[in-house]
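Enquirer: Supplied in structure tokens, the structure appears directly below.
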Amino acid sequence: MPVPVERSDGDWAMNDGLQGAGTTAGRTVLLLAIFAIAACGLVFELLGGTVASYLAGNYVTQFSLVVGLFLTAMGVGSYLSRFIRSRLLEAFILAELALGVWGGLSALMLFWGYAILPAFTAVLVAVVAVCGTLVGLELPLLIRVLKEESPLRAALSDALAFDYLGALAASLIFPLVLLPTLGLARAGIATGLINVAVAGLVIWRPPVPLANTRRLKLLAWLAAAVLAAGFAGAGTLTRSAEDLLYQDEIILAQTTPYQRIIVTRWREDIRLYLDGNIQFSSLDEARYHEALTHPALSAAVHPATVLILGGGDGLAVREALKYPSVQRVDLVDIDPEILRLFRKVPLLSALNGDVLTDPRVTLHPLDAMEFLEQQHGVWDVIIADLPDPNHESLAKLYSRGFYLLVQRRLAPRGLFVTQATSPFYAPAAFSCIVRTVESVFANSEVSTRAIWPYHCNVPSFGEWGFVLAAPADVQPGSGRLPEPLRFLTPPVLRGMFDFPRDTAPGAAPVNSLDDPVLVRLYERGFRTYH
């Protein structure tokens with residue numbers, strides 16, 4: 001009867017009488033394993049970059065760090081695999097189980113590391129390095145098992161083909177399925193369970209004989225139990241970590257394909273955070289939203305159509321509908337979940353006066369730039385209520401290219417206004433936005449518009465800046481304000497256009513799609529104070 005024989009290097013070589021890596025069933029198991037581990041590895045990489053960006057900001061830097069570190073660690077793991085000379089399949093199973101647990105819990109480790117440790121970068125490096133090293137171990141081990149019963153070129157081509165297909169699957173499944181349905185923590189744990197399932201499949205249907213099968217099965221069940229417990233408690237664990245990051249009680253926490261949404265409450269104060277950055281406090285949001293909207297709306301002559309880019313909370317819409325002449329408001333926000341929450345959740349819709357159900361309001365769950373590119377109509381007033389430009393994907397919404405699109409969508413005597421971050425905390429970034437708006441709307445001898453920077457104090461944010469592009473013959477602050485308003489009066493409105501010397505806009509570069517200099521200026525400014 002044919003039996004397996006062990007070679008001098010410890011690898012198994014099979015005689016024809018037993019199932020081996022070269023049989024149809026054995027090769028199928030290994031190729032499916034390669035597909036699954038490639039998909040799981042890329043999910044862990046994407047998960048690390050997403051969580052790091054959410055917690056620490058600076059999207060491009062965090063993702064670049066995670067991707068570079070992950071790939072380097074994979075190289076280390078691949079190099080280390082050469083020192084495993086025997087029991088290759090057992091070594092793969094152990095690496096797979098370790099990766100399942102470590103990678104599966106990686107999002108939770110990052111959340112807690114950020115919440116309780118001062119050096120988050122060190123935590124990120126440790127979590128990503130271990131994940132990458134374990135992923136790098138796996139493929140070389142399986143290729144060495146595959147080549148025992150087929151030529152090396154066939155083993156390599158099959159392994160790499162399934163590896164690339166697995167990466168493609170992960171790049172689609174992570175943003176479209178895992179993240180929106182499970183959230184960050186549970187997406188990682190579910191992926192870890194797939195790793196454990198792969199290890200279990202190889203244990204129960206080994207393509208080559210295995211020693212210590214009972215011990216491996218016990219470890220697989222133990223890993224599955226740890227991850228199952230983590231999956232059950234992920235919501236509580238994530239909420240507990242976030243409770244340490246936020247001062248107030250978290251009443252809503254949700255992850256969408258676009259951002260992490262947190263809503264907190266302390267007594268009468270309700271606050272919205274997106275990716276860890278405060279968007280408003282209900283105690284003083286009227287200061288911000290009245291300052292954002294009314295200088296433009298009051299200066300427009302009978303504005304009938306208003307376009308609001310961002311501001312899915314509906315608070316700017318609430319202010320626009322205070323003008324009887326307004327017949328249509330188009331609200332564009334990239335995240336449909338924000339629009340749903342502030343339309344359907346009573347506590348949140350009460351803040352905007354339930355305006356998102358008003359028949360004059362049309363909701364567009366689209367990227368602001370994509371929306372402008374698709375449109376052919378014009379609006380009397382366009383309001384950009386967008387998040388701060390703390391990474392490149394947001395900085396494009398403060399670029400010359402973006403403002404050129406806005407200009408094309410303005411009526412001949414239309415007005416445009418954008419929030420422009422803090423002239424006190426980030427004066428260079430504020431000046432950059434002013435100069436970029438100016439480069440489009442007021443940088444021509446035939447320009448019919450003038451640029452008006454202005455500011456107000458919002459206690460939750462501090463001193464905050466805005467930029468208004470108005471017809472050249474319009475004097476902002478001269479229009480009539482609607483009633484009732486909580487903050488603005490005609491004298492206050494006129495005073496917002498006067499700047500102290502230390503916050504007045506100065507010389508600055510123009511922000512472009514090709515060179516998002518605004519991100520660097522923004523980070524440099526806020527780093528000084530935080």
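Each chain in the structure tokens gets a letter, A, B, ..., in the order shown, and its residues are numbered from 1; ligands are numbered from 1 in order too.
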At a cut-off of 9 Å, using only C-alpha atoms, what residues contact A:Leu216? Leave out same-chain residues fewer than 3 positions from it and give the result as a short mmCIF file (atom, residue, chain, number, x, y, z; two decimals) with N, CA and C atoms, in the first residue's frame.
Expert:
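As written to disk, part.cif reads:
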```
data_model
loop_
_atom_site.label_atom_id
_atom_site.label_comp_id
_atom_site.auth_asym_id
_atom_site.auth_seq_id
_atom_site.Cartn_x
_atom_site.Cartn_y
_atom_site.Cartn_z
N GLU A 90 1.20 22.41 8.56
CA GLU A 90 0.90 22.74 9.95
C GLU A 90 1.31 24.18 10.27
N ILE A 93 -1.32 26.47 8.87
CA ILE A 93 -2.54 26.48 9.69
C ILE A 93 -2.34 27.34 10.93
N LEU A 94 -1.21 27.21 11.58
CA LEU A 94 -0.94 28.03 12.78
C LEU A 94 -0.88 29.50 12.44
N ALA A 199 -8.42 27.65 7.80
CA ALA A 199 -7.57 26.73 8.56
C ALA A 199 -8.34 25.45 8.89
N GLY A 200 -9.62 25.62 9.27
CA GLY A 200 -10.43 24.44 9.58
C GLY A 200 -10.62 23.54 8.39
N ILE A 203 -7.52 21.59 7.89
CA ILE A 203 -7.36 20.57 8.93
C ILE A 203 -8.25 19.37 8.64
N ALA A 211 0.25 15.93 11.10
CA ALA A 211 0.46 15.43 12.46
C ALA A 211 -0.27 16.36 13.43
N ASN A 212 -0.50 15.89 14.63
CA ASN A 212 -1.12 16.72 15.68
C ASN A 212 -2.46 17.29 15.26
N THR A 213 -3.25 16.48 14.57
CA THR A 213 -4.55 16.95 14.09
C THR A 213 -5.45 17.38 15.24
N LEU A 219 -7.13 24.22 18.64
CA LEU A 219 -6.74 25.62 18.44
C LEU A 219 -7.71 26.34 17.52
N ALA A 220 -8.19 25.64 16.49
CA ALA A 220 -9.15 26.26 15.57
C ALA A 220 -10.45 26.59 16.29
N TRP A 221 -10.95 25.66 17.10
CA TRP A 221 -12.18 25.94 17.86
C TRP A 221 -11.97 27.07 18.86
#
```
Enquirer: Compile the contact shell of stretch 458-460 of chain A as a PyMOL selection string: residues with an atom at most 12 Å away, counting only C-alpha atoms, same-chain residues fewer than 5 positions apart removed.
Expert: chain A and resi 269-273+277-292+421-422+465+487
Enquirer: So that I can see what lies close to A:Ile383, please list as a PyMOL selection string the residues with an atom at most 6 Å from it, counting only C-alpha atoms and leaving out residues fewer than 3 positions away in the same chain.
Expert: chain A and resi 308+416-418
Enquirer: Find, counting only C-alpha atoms, the residue in A:Val226, A:Ala232, A:Ala33, A:Val301 that gets nearest to A:Leu142.
Expert: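 Selected residue with least distance to A:Leu142: A:Ala33.
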Enquirer: List as a PyMOL selection string the protein and nucleic acid residues near A:Leu139, meaning an atom at most 10 Å away when only C-alpha atoms are counted, but skip any in the same chain fewer than 3 places from it.
Expert: chain A and resi 33-34+37-38+74+77-78+81+92+134-136+142-145+156+159-160+163
Enquirer: Would you save the residues from that selection as a CSV table (one decimal), in the first residue's frame, using N, CA and C atoms?
Expert:
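What landed in result_16.csv:
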```
chain,number,residue,atom,x,y,z
A,33,ALA,N,-7.9,28.1,-0.6
A,33,ALA,CA,-7.3,28.8,0.6
A,33,ALA,C,-6.5,30.0,0.2
A,34,ILE,N,-5.8,29.9,-1.0
A,34,ILE,CA,-5.0,31.1,-1.4
A,34,ILE,C,-6.0,32.2,-1.8
A,37,ILE,N,-7.2,33.7,1.6
A,37,ILE,CA,-6.2,34.4,2.4
A,37,ILE,C,-5.8,35.7,1.8
A,38,ALA,N,-5.8,35.8,0.4
A,38,ALA,CA,-5.5,37.0,-0.3
A,38,ALA,C,-6.6,38.0,0.0
A,74,MET,N,4.9,42.1,4.9
A,74,MET,CA,4.7,40.9,4.1
A,74,MET,C,6.0,40.3,3.5
A,77,GLY,N,7.6,38.5,6.3
A,77,GLY,CA,7.0,37.2,6.5
A,77,GLY,C,7.4,36.2,5.5
A,78,SER,N,7.5,36.7,4.2
A,78,SER,CA,7.9,35.8,3.1
A,78,SER,C,9.3,35.3,3.3
A,81,SER,N,9.6,32.7,6.0
A,81,SER,CA,9.0,31.3,5.7
A,81,SER,C,10.1,30.4,5.2
A,92,PHE,N,1.4,26.6,8.1
A,92,PHE,CA,0.4,27.5,7.5
A,92,PHE,C,-0.9,27.6,8.4
A,134,LEU,N,2.2,37.9,9.1
A,134,LEU,CA,1.5,36.6,9.1
A,134,LEU,C,1.0,36.4,7.7
A,135,VAL,N,0.5,37.5,7.0
A,135,VAL,CA,0.0,37.3,5.6
A,135,VAL,C,1.2,36.9,4.7
A,136,GLY,N,2.3,37.5,4.9
A,136,GLY,CA,3.5,37.2,4.1
A,136,GLY,C,4.0,35.8,4.3
A,142,LEU,N,2.2,27.7,1.1
A,142,LEU,CA,1.2,27.0,0.2
A,142,LEU,C,1.8,26.7,-1.1
A,143,ILE,N,2.6,27.6,-1.7
A,143,ILE,CA,3.3,27.3,-3.0
A,143,ILE,C,4.2,26.1,-2.8
A,144,ARG,N,4.9,26.1,-1.7
A,144,ARG,CA,5.9,24.9,-1.5
A,144,ARG,C,5.1,23.6,-1.4
A,145,VAL,N,3.9,23.7,-0.8
A,145,VAL,CA,3.1,22.5,-0.7
A,145,VAL,C,2.6,22.1,-2.1
A,156,LEU,N,3.3,28.2,-9.2
A,156,LEU,CA,3.4,29.7,-9.1
A,156,LEU,C,2.3,30.4,-9.8
A,159,ALA,N,-1.1,29.8,-8.0
A,159,ALA,CA,-1.1,30.5,-6.7
A,159,ALA,C,-1.3,32.0,-6.9
A,160,LEU,N,-0.5,32.6,-7.8
A,160,LEU,CA,-0.6,34.0,-8.0
A,160,LEU,C,-1.9,34.4,-8.7
A,163,ASP,N,-4.4,34.4,-5.9
A,163,ASP,CA,-4.0,35.5,-5.0
A,163,ASP,C,-4.6,36.8,-5.5
```
Enquirer: Which residues are close to stretch 361-372 of chain A, i.e. within 8 Å by only C-alpha atoms, leaving aside same-chain residues fewer than 6 positions away? Reply as a list in words.
Expert: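 Residues meeting the cut-off are Leu309, Gly310, Arg328, Val329, Asp330, Leu331, Val332, Asp333, Ile334, Asp335, Pro336, Leu339, Val355, Leu397, Phe402, Leu405, Val406 and Arg409 of chain A.
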Enquirer: Next, the residues of the selection above should be written as a compact mmCIF listing (two decimals), in the first residue's frame with C-alpha atoms.
Expert:
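Below is the file that was written, result30.txt:
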```txt
# COMPACT_ATOMS: atom_id res chain seq x y z
CA LEU A 309 -23.39 71.32 -1.00
CA GLY A 310 -22.78 69.24 2.11
CA ARG A 328 -36.57 75.08 -4.39
CA VAL A 329 -33.62 73.89 -2.31
CA ASP A 330 -31.33 71.15 -3.62
CA LEU A 331 -29.34 69.50 -0.83
CA VAL A 332 -26.31 67.46 -1.92
CA ASP A 333 -24.54 65.17 0.56
CA ILE A 334 -22.36 62.22 -0.34
CA ASP A 335 -23.63 60.05 2.52
CA PRO A 336 -27.26 58.91 2.17
CA LEU A 339 -29.72 62.38 5.03
CA VAL A 355 -37.22 70.55 6.70
CA LEU A 397 -13.91 70.67 -2.65
CA PHE A 402 -14.24 72.88 -7.90
CA LEU A 405 -17.73 74.18 -11.55
CA VAL A 406 -19.60 76.27 -8.98
CA ARG A 409 -23.84 76.71 -12.00
```
Enquirer: Find the residues around stretch 350-353 of chain A up to 9 Å (only C-alpha atoms counted), leave out those fewer than 4 positions away in its own chain, and share them as an MDAnalysis selection string.
Expert: chainID A and resid 282 313:319 342:343 345:346
